[in-house]
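Let me begin by presenting the structure, written as structure tokens, before commenting on it.
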4 protein chains.
Amino acid sequence: MKSIVCHGPKDVRVEEQPSPVASSNQVLIRVSAGGICGSDLHYYNNGGFGDIRLREPMILGHEIAGHVSVVGDEVTGLNVQDLVAINPSRPCGNCKFCRAAMFNQCLDMRYYGSAMRFPHVQGAFSQELVVDASQCFRLSSDTTPQHAAFAEPLAVALAAINKLGKLIGKRVLVTGTGPIGALVVAAAKMHGALEVVATDVNDNALKRAKAVGADKTINVATEASELEAYSADKGYFDAVIEASGNEMALRSALNVLQPRGRLILLGLGGDVNLPLNQLVAKEIKISGNFRFHEEFAWAVKLISDRRIPLDPLLTGVFPIDEAITAFETANDRQQSMKVQLSF
Amino acid sequence: MKSIVCHGPKDVRVEEQPSPVASSNQVLIRVSAGGICGSDLHYYNNGGFGDIRLREPMILGHEIAGHVSVVGDEVTGLNVQDLVAINPSRPCGNCKFCRAAMFNQCLDMRYYGSAMRFPHVQGAFSQELVVDASQCFRLSSDTTPQHAAFAEPLAVALAAINKLGKLIGKRVLVTGTGPIGALVVAAAKMHGALEVVATDVNDNALKRAKAVGADKTINVATEASELEAYSADKGYFDAVIEASGNEMALRSALNVLQPRGRLILLGLGGDVNLPLNQLVAKEIKISGNFRFHEEFAWAVKLISDRRIPLDPLLTGVFPIDEAITAFETANDRQQSMKVQLSF
Amino acid sequence: MKSIVCHGPKDVRVEEQPSPVASSNQVLIRVSAGGICGSDLHYYNNGGFGDIRLREPMILGHEIAGHVSVVGDEVTGLNVQDLVAINPSRPCGNCKFCRAAMFNQCLDMRYYGSAMRFPHVQGAFSQELVVDASQCFRLSSDTTPQHAAFAEPLAVALAAINKLGKLIGKRVLVTGTGPIGALVVAAAKMHGALEVVATDVNDNALKRAKAVGADKTINVATEASELEAYSADKGYFDAVIEASGNEMALRSALNVLQPRGRLILLGLGGDVNLPLNQLVAKEIKISGNFRFHEEFAWAVKLISDRRIPLDPLLTGVFPIDEAITAFETANDRQQSMKVQLSF
Amino acid sequence: MKSIVCHGPKDVRVEEQPSPVASSNQVLIRVSAGGICGSDLHYYNNGGFGDIRLREPMILGHEIAGHVSVVGDEVTGLNVQDLVAINPSRPCGNCKFCRAAMFNQCLDMRYYGSAMRFPHVQGAFSQELVVDASQCFRLSSDTTPQHAAFAEPLAVALAAINKLGKLIGKRVLVTGTGPIGALVVAAAKMHGALEVVATDVNDNALKRAKAVGADKTINVATEASELEAYSADKGYFDAVIEASGNEMALRSALNVLQPRGRLILLGLGGDVNLPLNQLVAKEIKISGNFRFHEEFAWAVKLISDRRIPLDPLLTGVFPIDEAITAFETANDRQQSMKVQLSF
């Protein structure tokens with residue numbers, strides 16, 4: 001079987017690997033669809049990000065759906081041919097955070113396709129994959145593998161919504177409408193936000209955000225004053241979900257948030273310069289959000305029930321042998337939203 | 001009667017003013033004690049802070065207690081000779097924030113001794129003061145005016161504790177133990193924090209923080225490694241209350257906070273540089289806190305009931321005619337905690 | 001102009017009344033649609049409910065929409081011909097609860113068509129109505145008056161959802177699918193509940209609950225075991241909204257709620273017998289909900305945006321002169337859901 | 001070694017048992033002090049309670065402190081002679097509730113001295129006890145075993161306070177001042193409640209509640225009108241903790257709670273008749289509380305730090321051979337608060 005292995009910056013190879021074998025409490029998956037994430041692109045383009053560097057070849061990928069191929073003897077509740085989304089998150093279950101049900105903060109996390117540990121945790125862009133039964137979440141039979149492979153990024157978006165709390169009556173701003181930000185827009189609307197406004201510097205991305213539920217979009221590169229208008233009387237929005245990792249976006253969010261408004265940080269980045277007086281005087285409430293846990297199962301059910309629009313966000317599907325083209329297409333953020341591979 | 005009037009940097013004068021007269025729904029107060037706050041010192045030293053500058057002479061002061069001298073005909077519940085703390089906060093009652101019971105965010109706030117508006121809102125360092133009955137909070141008869149004049153800064157500390165939420169079982173770090181930080185230490189312990197650690201760069205201040213309830217104090221200028229030890233396994237503290245306005249304090253707080261830990265910002269300052277990745281990955285929850293509202297009444301009751309230790313925090317009382325000496329003493333942060341005036 | 005006046009049990013009359021005149025800060029409304037509520041039926045059938053009795057003739061009605069007819073000189077933001085929903089709730093704005101922004105708990109509330117006070121607060125089933133500008137909530141121009149008149153009962157349903165908190169990932173049971181329960185079903189789904197199950201003893205009502213969003217319905221008179229199945233392993237539902245006021249419904253809800261699950265009480269009733277041991281051992285969280293406040297504006301926006309399905313819930317519209325027929329039709333709970341009057 | 005074994009109603013025997021042996025990951029405890037709980041009395045008096053009946057002899061007791069006698073080879077952090085409180089709660093760690101960190105709701109709980117399961121879970125009133133290291137919580141060296149044995153009931157009281165949320169500024173009523181209710185009074189005050197009022201029908205119990213922190217006590221048998229006075233303007237208290245299990249207490253609590261006030265149910269009992277209209281109209285928030293989890297460690301630290309007054313609550317200590325006298329003394333609720341055994 002073939003896997004997509006990253007050896008360093010701009011050095012991704014489709015390599016033949018031995019097929020894995022499922023033990024009695026495991027499941028063999030024939031992978032069908034895999035989405036390319038921003039972190040995959042970081043490995044592809046730069047061999048890592050921040051302090052994290054590839055130190056050995058690593059299979060990429062963690063947004064995966066496939067069909068059950070072999071079911072271990074001890075596994076119940078799964079059948080051959082089931083379409084499942086694979087949860088790439090494998091907390092240890094034993095550390096102080098796991099025992100407190102804060103699994104995403106596990107001290108010994110093994111997350112697919114991450115070079116944070118050494119040896120690296122291999123990813124899931126392979127034609128076959130052995131997983132624990134608990135990683136498999138079954139979708140309704142009329143779901144496509146492409147939709148199913150949105151479960152992981154949708155889980156991230158849902159985790160941000162979950163951190164935000166109830167959305168009833170809330171006016172929400174989403175800054176940054178890449179794949180995660182656009183899913184946040186869709187999820188915010190689906191969970192009852194009264195109004196969702198989205199900003200980006202890319203008109204294509206904004207158009208897609210509108211297609212999945214934004215009531216209004218603003219290109220902050222060309223229409224900055226439209227956002228600033230929301231700062232009157234100490235601000236308009238009850239909540240902002242920041243999905244760009246951009247300091248300017250963050251600072252403008254503080255201007256348009258109401259006093260005691262909530263700001264969820266999803267976008268990663270380096271140091272950001274923030275106005276302490278404004279945080280204090282407006283009593284802004286900030287929460288970071290990191291990955292997800294229980295939200296994966298919810299994402300799968302919402303996808304199964306077709307309650308989240310996904311089609312506007314899928315901008316390309318490439319066969320595994322065209323992996324390089326897929327990565328380069330995903331790199332073109334002006335044109336592309338989510339790019340997937342088929343196996 | 002005399003008032004303490006600031007005309008500009010280092011130009012504070014004790015001036016004779018006409019005695020005010022209470023109307024039928026007001027109360028005349030013979031002021032007994034007034035605490036000097038950090039903002040009073042900013043006007044005294046620099047004629048303002050940030051963008052805010054004195055544009056006309058302004059009476060300073062907003063931490064005030066006194067005895068009721070005249071009670072207007074329509075006022076009920078107050079008697080001549082009552083010792084009262086005066087709430088210096090006068091929200092409009094009519095704006096969208098007042099109608100939402102977010103009075104400290106009032107769009108038309110008049111807060112004693114503030115040059116934010118023009119004409120400035122005159123302060124309360126006067127021998128006589130006319131106030132609304134609703135600004136008066138009566139203390140028990142055995143309370144001293146000096147203790148009563150702690151109601152305002154204690155209200156700020158209580159507002160921070162109130163924002164933090166329940167303290168049961170919580171390990172709390174307080175960074176910065178000036179008068180507000182020290183009151184936060186006392187209030188955190190009084191509201192049940194399991195453990196309170198306090199940091200500062202001033203051993204005198206730390207000694208007083210210990211006297212009012214800190215379980216442990218760390219001088220971060222000389223014992224930085226003791227604080228860093230708390231960063232193991234992603235951090236130790238459930239909550240940090242930041243009362244220094246210092247970027248270094250803020251960044252070190254993020255290191256020792258547990259994932260999903262809470263950080264309350266009380267200290268004002270300019271821009272601060274914060275590590276976005278850490279905020280996201282540890283899912284830190286930040287809330288600013290600005291002044292107080294209902295907490296003023298609570299502060300008065302706790303002071304009346306002697307549940308907060310105040311004596312270690314009062315480092316000097318000067319008669320009104322020695323106002324300059326009082327301000328200079330308060331300026332010496334190496335030696336002084338709270339300095340008060342007597343009228 | 002004509003009004004619908006209740007003189008006692010089964011004594012409702014359509015009476016000619018003088019047209020009201022709007023003062024400079026008021027608005028004259030030409031009423032278009034009015035929904036009959038359960039409390040209107042109590043007055044119609046019994047002349048009151050519980051301890052509350054009619055002591056003078058009272059105009060019924062509080063679910064009202066109409067068109068602006070005259071706009072007072074001092075009123076801004078409203079124009080003649082605007083379709084508006086009328087908020088029947090008029091808190092005093094001055095009592096301790098209003099000052100704490102708990103307006104629905106006002107100590108001096110005047111709510112349309114209520115005999116709780118004497119003189120009674122007259123209702124709104126009149127052809128013309130003078131209201132304060134602040135009671136008027138404008139709808140989009142393509143909204144029908146019939147939809148607009150759902151604003152009040154939808155606000156009640158939204159208030160229950162608001163009390164419940166975030167619905168993301170939640171499995172919700174709604175017991176009782178009269179007009180309010182059915183709107184709760186629709187609102188719970190629209191605010192993101194993962195799954196909504198509804199129970200009643202009336203198949204017609206359940207059919208309509210399904211039409212507005214229930215994933216599953218159970219007739220507890222004929223299919224009780226289907227509900228009981230949810231009690232395995234200490235219960236299935238994260239939340240129950242009780243909209244029947246029925247003790248049996250309440251007790252069965254406790255069986256199928258998960259430990260620490262939430263139960264919102266909307267249905268009114270007399271004394272109910274509850275199992276204290278179960279409340280304690282399962283750590284059930286109960287909250288009552290009474291009317292609404294800010295939710296009225298949200299209801300109007302959701303109706304304007306067509307985000308709540310209303311058509312399946314409207315089972316009849318009768319002209320004012322057929323008021324008796326309208327009340328009798330509304331009385332037939334086996335067949336009717338919401339019955340409205342046209343003016 | 002000797003144990004206190006219950007064979008049926010009024011049939012408790014002090015019996016010789018073989019000494020237990022600790023395995024490598026266990027600890028042998030020489031038991032020093034054990035408190036008699038209400039459930040021990042139910043077994044002693046009636047051979048069970050509710051549906052639960054003794055079906056075989058069972059050692060009683062679950063409020064235990066002792067000294068470490070033997071430390072298994074694999075155990076770290078404990079030394080011979082350490083004074084430890086023993087957590088009697090042993091959740092399975094594996095069920096859906098344990099995995100969600102809701103350990104007190106474990107589907108397979110083994111709690112000392114409980115006949116809920118068969119074979120019964122033997123209790124801890126023995127001279128020697130083998131426990132898991134994780135059940136041992138060390139106290140400061142100057143703590144007495146008698147104080148240490150309050151860890152379990154204090155943990156229950158803390159769990160109620162924890163459910164209640166922040167106490168800052170809150171006025172709290174505690175109904176029922178048996179041992180648990182009195183500890184709730186002390187814990188509420190220690191966690192910052194502005195005011196704590198306690199009710200009971202027993203003046204002795206009320207006197208002790210006052211000794212541990214109640215600001216005011218009311219004997220509802222003889223001074224009922226004093227409590228009723230708190231019902232003006234829809235009620236006075238922000239929160240009630242109900243520790244009597246008595247329907248009258250519960251109903252009177254609803255009268256004196258403010259709208260949206262919180263009611264924590266600690267007291268067990270059969271069915272109670274509650275006024276549904278009042279729950280709805282006042283939007284009361286009720287939560288049950290069952291046992292504890294993380295609160296055990298907190299109780300141990302607070303006892304170690306002498307932050308909770310315990311001496312007024314200990315009304316007798318009897319040697320193991322006088323177990324019958326101890327149980328009979330505990331039965332006399334008119335005179336006794338907590339009765340302990342020494343081993």
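Letters A, B, ... go to the chains of the structure tokens in the order shown; residues in each chain start at 1; ligands are counted from 1 in the same order.
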Can you pull out every residue within 9 Å of Gly245 (chain A), counting only C-alpha atoms, but drop anything in the same chain fewer than 4 positions away, and send it as an NGL selection string?
(:A and (176 or 249-250 or 265-270 or 272)) or (:B and (276-277))
Restricting it to all heavy atoms, dump the selection as an mmCIF file, in the first residue's frame.
```cif
data_model
loop_
_atom_site.group_PDB
_atom_site.id
_atom_site.type_symbol
_atom_site.label_atom_id
_atom_site.label_comp_id
_atom_site.auth_asym_id
_atom_site.auth_seq_id
_atom_site.Cartn_x
_atom_site.Cartn_y
_atom_site.Cartn_z
ATOM 1 N N GLY A 176 -11.167 35.729 9.904
ATOM 2 C CA GLY A 176 -10.383 34.707 9.215
ATOM 3 C C GLY A 176 -11.280 33.600 8.728
ATOM 4 O O GLY A 176 -11.829 32.856 9.535
ATOM 5 N N ALA A 249 -6.092 41.467 13.149
ATOM 6 C CA ALA A 249 -7.452 40.946 13.301
ATOM 7 C C ALA A 249 -7.847 40.939 14.771
ATOM 8 O O ALA A 249 -8.970 41.322 15.145
ATOM 9 C CB ALA A 249 -7.552 39.540 12.714
ATOM 10 N N LEU A 250 -6.908 40.524 15.587
ATOM 11 C CA LEU A 250 -7.154 40.436 17.019
ATOM 12 C C LEU A 250 -7.427 41.815 17.612
ATOM 13 O O LEU A 250 -8.380 42.009 18.373
ATOM 14 C CB LEU A 250 -5.910 39.801 17.651
ATOM 15 C CG LEU A 250 -5.973 39.121 18.993
ATOM 16 C CD1 LEU A 250 -7.245 38.340 19.188
ATOM 17 C CD2 LEU A 250 -4.761 38.198 19.128
ATOM 18 N N LEU A 265 -9.896 32.293 20.878
ATOM 19 C CA LEU A 265 -8.699 32.250 20.043
ATOM 20 C C LEU A 265 -8.517 30.853 19.483
ATOM 21 O O LEU A 265 -8.335 29.897 20.230
ATOM 22 C CB LEU A 265 -7.465 32.614 20.879
ATOM 23 C CG LEU A 265 -7.467 33.987 21.539
ATOM 24 C CD1 LEU A 265 -6.230 34.138 22.426
ATOM 25 C CD2 LEU A 265 -7.497 35.085 20.492
ATOM 26 N N LEU A 266 -8.589 30.759 18.154
ATOM 27 C CA LEU A 266 -8.347 29.488 17.479
ATOM 28 C C LEU A 266 -7.063 29.558 16.662
ATOM 29 O O LEU A 266 -6.371 28.563 16.492
ATOM 30 C CB LEU A 266 -9.491 29.199 16.505
ATOM 31 C CG LEU A 266 -10.615 28.312 16.965
ATOM 32 C CD1 LEU A 266 -11.585 28.123 15.814
ATOM 33 C CD2 LEU A 266 -10.095 26.959 17.431
ATOM 34 N N GLY A 267 -6.798 30.760 16.124
ATOM 35 C CA GLY A 267 -5.663 30.893 15.226
ATOM 36 C C GLY A 267 -4.355 30.875 15.993
ATOM 37 O O GLY A 267 -4.211 31.560 17.011
ATOM 38 N N LEU A 268 -3.398 30.089 15.510
ATOM 39 C CA LEU A 268 -2.083 30.030 16.142
ATOM 40 C C LEU A 268 -1.203 31.114 15.553
ATOM 41 O O LEU A 268 -1.438 31.623 14.460
ATOM 42 C CB LEU A 268 -1.472 28.650 15.925
ATOM 43 C CG LEU A 268 -2.202 27.544 16.707
ATOM 44 C CD1 LEU A 268 -1.857 26.170 16.158
ATOM 45 C CD2 LEU A 268 -1.849 27.617 18.190
ATOM 46 N N GLY A 269 -0.169 31.482 16.293
ATOM 47 C CA GLY A 269 0.735 32.516 15.822
ATOM 48 C C GLY A 269 1.815 32.733 16.859
ATOM 49 O O GLY A 269 1.846 32.063 17.890
ATOM 50 N N GLY A 270 2.690 33.679 16.602
ATOM 51 C CA GLY A 270 3.760 33.967 17.551
ATOM 52 C C GLY A 270 3.285 34.963 18.584
ATOM 53 O O GLY A 270 2.126 34.930 18.999
ATOM 54 N N VAL A 272 1.829 38.340 20.077
ATOM 55 C CA VAL A 272 0.938 39.394 19.595
ATOM 56 C C VAL A 272 0.931 40.515 20.621
ATOM 57 O O VAL A 272 1.010 40.278 21.822
ATOM 58 C CB VAL A 272 -0.510 38.887 19.380
ATOM 59 C CG1 VAL A 272 -0.591 38.021 18.144
ATOM 60 C CG2 VAL A 272 -1.016 38.132 20.604
ATOM 61 N N LEU B 276 0.684 34.084 21.653
ATOM 62 C CA LEU B 276 -0.609 33.581 21.178
ATOM 63 C C LEU B 276 -0.671 32.053 21.224
ATOM 64 O O LEU B 276 -1.674 31.474 21.655
ATOM 65 C CB LEU B 276 -0.854 34.096 19.746
ATOM 66 C CG LEU B 276 -2.206 33.772 19.113
ATOM 67 C CD1 LEU B 276 -3.360 34.236 19.983
ATOM 68 C CD2 LEU B 276 -2.319 34.409 17.735
ATOM 69 N N ASN B 277 0.412 31.392 20.795
ATOM 70 C CA ASN B 277 0.394 29.927 20.802
ATOM 71 C C ASN B 277 0.121 29.363 22.184
ATOM 72 O O ASN B 277 -0.595 28.362 22.329
ATOM 73 C CB ASN B 277 1.740 29.371 20.306
ATOM 74 C CG ASN B 277 1.847 29.429 18.794
ATOM 75 O OD1 ASN B 277 0.839 29.633 18.106
ATOM 76 N ND2 ASN B 277 3.058 29.276 18.276
#
```
Excluding region 335-337 of chain D and its own-chain neighbours fewer than 4 positions away, which residues fall within 9 Å of it when counting only C-alpha atoms? Please give them as a tab-separated table (two decimals) with all heavy atoms, in the first residue's frame.
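Dumped everything to part10.tsv:
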```
chain	number	residue	atom	x	y	z
D	178	GLY	N	-27.91	19.38	61.51
D	178	GLY	CA	-27.22	18.19	61.98
D	178	GLY	C	-25.75	18.32	61.60
D	178	GLY	O	-25.30	19.38	61.15
D	179	PRO	N	-24.97	17.24	61.75
D	179	PRO	CA	-23.54	17.33	61.46
D	179	PRO	C	-23.23	17.87	60.07
D	179	PRO	O	-22.38	18.74	59.91
D	179	PRO	CB	-23.06	15.89	61.62
D	179	PRO	CG	-24.00	15.29	62.61
D	179	PRO	CD	-25.34	15.91	62.33
D	182	ALA	N	-24.35	21.62	59.81
D	182	ALA	CA	-23.46	22.49	60.56
D	182	ALA	C	-22.13	22.67	59.82
D	182	ALA	O	-21.56	23.77	59.80
D	182	ALA	CB	-23.22	21.91	61.95
D	202	ASN	N	-34.04	22.22	66.70
D	202	ASN	CA	-33.31	21.77	67.88
D	202	ASN	C	-32.35	22.87	68.31
D	202	ASN	O	-31.39	23.20	67.61
D	202	ASN	CB	-32.56	20.48	67.47
D	202	ASN	CG	-31.67	19.94	68.55
D	202	ASN	OD1	-31.32	20.65	69.50
D	202	ASN	ND2	-31.29	18.69	68.41
D	204	ASN	N	-30.09	22.98	70.59
D	204	ASN	CA	-28.68	22.57	70.76
D	204	ASN	C	-27.94	22.59	69.44
D	204	ASN	O	-26.81	23.08	69.35
D	204	ASN	CB	-28.62	21.13	71.31
D	204	ASN	CG	-28.52	21.14	72.82
D	204	ASN	OD1	-27.88	22.02	73.40
D	204	ASN	ND2	-29.16	20.17	73.44
D	205	ALA	N	-28.57	22.05	68.44
D	205	ALA	CA	-27.94	22.02	67.12
D	205	ALA	C	-27.71	23.45	66.62
D	205	ALA	O	-26.66	23.76	66.06
D	205	ALA	CB	-28.80	21.24	66.13
D	208	ARG	N	-24.71	25.11	68.16
D	208	ARG	CA	-23.44	24.66	67.57
D	208	ARG	C	-23.24	25.29	66.18
D	208	ARG	O	-22.12	25.63	65.78
D	208	ARG	CB	-23.40	23.14	67.50
D	208	ARG	CG	-23.35	22.53	68.90
D	208	ARG	CD	-23.50	21.02	68.86
D	208	ARG	NE	-23.79	20.48	70.18
D	208	ARG	CZ	-22.85	20.22	71.09
D	208	ARG	NH1	-21.57	20.44	70.80
D	208	ARG	NH2	-23.17	19.73	72.27
D	312	PRO	N	-16.61	22.47	68.08
D	312	PRO	CA	-17.98	22.55	68.58
D	312	PRO	C	-18.88	21.43	68.07
D	312	PRO	O	-19.97	21.22	68.60
D	312	PRO	CB	-18.47	23.91	68.03
D	312	PRO	CG	-17.24	24.69	67.75
D	312	PRO	CD	-16.21	23.68	67.34
D	313	LEU	N	-18.43	20.70	67.04
D	313	LEU	CA	-19.29	19.68	66.44
D	313	LEU	C	-19.03	18.28	66.95
D	313	LEU	O	-19.80	17.36	66.67
D	313	LEU	CB	-19.13	19.71	64.90
D	313	LEU	CG	-19.35	21.07	64.25
D	313	LEU	CD1	-19.22	20.97	62.74
D	313	LEU	CD2	-20.72	21.63	64.62
D	314	LEU	N	-17.96	18.10	67.71
D	314	LEU	CA	-17.62	16.77	68.22
D	314	LEU	C	-18.18	16.63	69.62
D	314	LEU	O	-17.72	17.28	70.55
D	314	LEU	CB	-16.09	16.60	68.21
D	314	LEU	CG	-15.57	15.22	68.66
D	314	LEU	CD1	-16.11	14.11	67.78
D	314	LEU	CD2	-14.05	15.21	68.66
D	315	THR	N	-19.20	15.77	69.75
D	315	THR	CA	-19.86	15.73	71.06
D	315	THR	C	-19.57	14.45	71.84
D	315	THR	O	-20.18	14.24	72.89
D	315	THR	CB	-21.38	15.92	70.91
D	315	THR	OG1	-21.87	14.99	69.96
D	315	THR	CG2	-21.70	17.31	70.46
D	316	GLY	N	-18.67	13.62	71.37
D	316	GLY	CA	-18.35	12.44	72.16
D	316	GLY	C	-17.40	11.52	71.41
D	316	GLY	O	-17.49	11.40	70.19
D	329	THR	N	-25.69	7.05	71.76
D	329	THR	CA	-25.45	8.47	72.00
D	329	THR	C	-25.69	9.25	70.70
D	329	THR	O	-26.32	10.32	70.70
D	329	THR	CB	-24.01	8.70	72.49
D	329	THR	OG1	-23.79	7.89	73.63
D	329	THR	CG2	-23.76	10.16	72.81
D	330	ALA	N	-25.19	8.71	69.59
D	330	ALA	CA	-25.40	9.37	68.30
D	330	ALA	C	-26.88	9.46	67.96
D	330	ALA	O	-27.34	10.41	67.32
D	330	ALA	CB	-24.64	8.64	67.20
D	331	ASN	N	-27.64	8.44	68.40
D	331	ASN	CA	-29.08	8.42	68.16
D	331	ASN	C	-29.81	9.58	68.84
D	331	ASN	O	-30.87	9.99	68.38
D	331	ASN	CB	-29.68	7.11	68.70
D	331	ASN	CG	-29.96	6.12	67.58
D	331	ASN	OD1	-30.03	6.50	66.42
D	331	ASN	ND2	-30.12	4.86	67.95
```
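The list of chain B residues within 6 Å of chain D is Gly165, Lys166, Gly169, Met190, His191, Gly192 and Trp298 of chain B; this uses only C-alpha atoms.
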List as number ranges by chain the protein and nucleic acid residues near region 3-19 of chain C, meaning an atom at most 7 Å away when only C-alpha atoms are counted, but skip any in the same chain fewer than 3 places from it.
C: 43-47, 54, 56-60, 125-128, 321
Could the residues in this selection be written to a file with N, CA and C atoms, as a PDB file, in the first residue's frame?
```
ATOM      1  N   TYR C  43     -59.322  32.277  31.232  1.00  0.00           N
ATOM      2  CA  TYR C  43     -60.307  33.321  31.503  1.00  0.00           C
ATOM      3  C   TYR C  43     -61.619  33.001  30.799  1.00  0.00           C
ATOM      4  N   TYR C  44     -61.512  32.575  29.558  1.00  0.00           N
ATOM      5  CA  TYR C  44     -62.729  32.286  28.779  1.00  0.00           C
ATOM      6  C   TYR C  44     -63.530  31.138  29.406  1.00  0.00           C
ATOM      7  N   ASN C  45     -62.840  30.080  29.794  1.00  0.00           N
ATOM      8  CA  ASN C  45     -63.535  28.900  30.303  1.00  0.00           C
ATOM      9  C   ASN C  45     -63.953  29.047  31.758  1.00  0.00           C
ATOM     10  N   ASN C  46     -63.084  29.620  32.571  1.00  0.00           N
ATOM     11  CA  ASN C  46     -63.290  29.577  34.025  1.00  0.00           C
ATOM     12  C   ASN C  46     -63.296  30.946  34.691  1.00  0.00           C
ATOM     13  N   GLY C  47     -63.061  31.990  33.910  1.00  0.00           N
ATOM     14  CA  GLY C  47     -63.003  33.313  34.519  1.00  0.00           C
ATOM     15  C   GLY C  47     -61.759  33.533  35.348  1.00  0.00           C
ATOM     16  N   LEU C  54     -61.403  37.009  37.613  1.00  0.00           N
ATOM     17  CA  LEU C  54     -61.866  38.278  37.046  1.00  0.00           C
ATOM     18  C   LEU C  54     -62.735  39.000  38.056  1.00  0.00           C
ATOM     19  N   GLU C  56     -63.597  42.367  37.183  1.00  0.00           N
ATOM     20  CA  GLU C  56     -64.214  43.374  36.321  1.00  0.00           C
ATOM     21  C   GLU C  56     -64.013  42.889  34.888  1.00  0.00           C
ATOM     22  N   PRO C  57     -64.777  43.413  33.932  1.00  0.00           N
ATOM     23  CA  PRO C  57     -64.580  42.990  32.538  1.00  0.00           C
ATOM     24  C   PRO C  57     -63.145  43.287  32.097  1.00  0.00           C
ATOM     25  N   MET C  58     -62.572  42.384  31.324  1.00  0.00           N
ATOM     26  CA  MET C  58     -61.185  42.569  30.901  1.00  0.00           C
ATOM     27  C   MET C  58     -61.038  42.180  29.437  1.00  0.00           C
ATOM     28  N   ILE C  59     -60.389  43.045  28.664  1.00  0.00           N
ATOM     29  CA  ILE C  59     -60.033  42.679  27.294  1.00  0.00           C
ATOM     30  C   ILE C  59     -58.966  41.600  27.375  1.00  0.00           C
ATOM     31  N   LEU C  60     -59.126  40.546  26.575  1.00  0.00           N
ATOM     32  CA  LEU C  60     -58.156  39.446  26.587  1.00  0.00           C
ATOM     33  C   LEU C  60     -57.007  39.737  25.608  1.00  0.00           C
ATOM     34  N   PHE C 125     -56.593  42.396  22.533  1.00  0.00           N
ATOM     35  CA  PHE C 125     -57.470  41.943  21.438  1.00  0.00           C
ATOM     36  C   PHE C 125     -58.427  43.071  21.068  1.00  0.00           C
ATOM     37  N   SER C 126     -57.876  44.112  20.456  1.00  0.00           N
ATOM     38  CA  SER C 126     -58.659  45.277  20.032  1.00  0.00           C
ATOM     39  C   SER C 126     -58.222  45.640  18.623  1.00  0.00           C
ATOM     40  N   GLN C 127     -59.081  46.322  17.921  1.00  0.00           N
ATOM     41  CA  GLN C 127     -58.702  46.692  16.556  1.00  0.00           C
ATOM     42  C   GLN C 127     -57.632  47.771  16.542  1.00  0.00           C
ATOM     43  N   GLU C 128     -57.654  48.591  17.589  1.00  0.00           N
ATOM     44  CA  GLU C 128     -56.618  49.615  17.683  1.00  0.00           C
ATOM     45  C   GLU C 128     -56.008  49.594  19.072  1.00  0.00           C
ATOM     46  N   ASP C 321     -65.157  38.956  14.722  1.00  0.00           N
ATOM     47  CA  ASP C 321     -66.577  38.746  15.030  1.00  0.00           C
ATOM     48  C   ASP C 321     -66.887  37.280  15.329  1.00  0.00           C
TER      49      ASP C 321
END
```
Lys216 (chain C) surroundings by only C-alpha atoms, 12 Å radius, close-in-sequence under 5 positions cut, as a PyMOL selection string:
chain C and resi 171-174+185+195-200+206-211+226-227
Identify all residues of region 79-261 of chain D in helix (DSSP H, G or I) (DSSP on the backbone) and supply them as a ChimeraX atom specification.
/D:96-99,103-105,133-135,145-148,151-164,179-190,203-211,224-234,247-256
Identify, on the basis of only C-alpha atoms, every residue whose closest approach to Arg251 (chain D) does not exceed 10 Å; exclude the query and any residue fewer than 6 positions from it along the same chain; express the result as JSON, numbers by chain.
{"D": [272, 273, 274, 275, 278]}
What would the file look like if the residues just selected were written as a compact mmCIF listing (two decimals), in the first residue's frame with N, CA and C atoms?
```
# COMPACT_ATOMS: atom_id res chain seq x y z
N VAL D 272 -41.49 14.35 48.01
CA VAL D 272 -41.83 15.66 48.60
C VAL D 272 -42.78 16.37 47.65
N ASN D 273 -43.69 17.10 48.25
CA ASN D 273 -44.71 17.81 47.49
C ASN D 273 -44.23 19.24 47.29
N LEU D 274 -44.05 19.64 46.04
CA LEU D 274 -43.50 20.97 45.79
C LEU D 274 -44.46 21.79 44.93
N PRO D 275 -44.50 23.11 45.15
CA PRO D 275 -45.42 23.98 44.41
C PRO D 275 -44.83 24.36 43.06
N GLN D 278 -44.72 28.01 41.91
CA GLN D 278 -43.72 28.86 42.56
C GLN D 278 -42.33 28.60 41.95
```
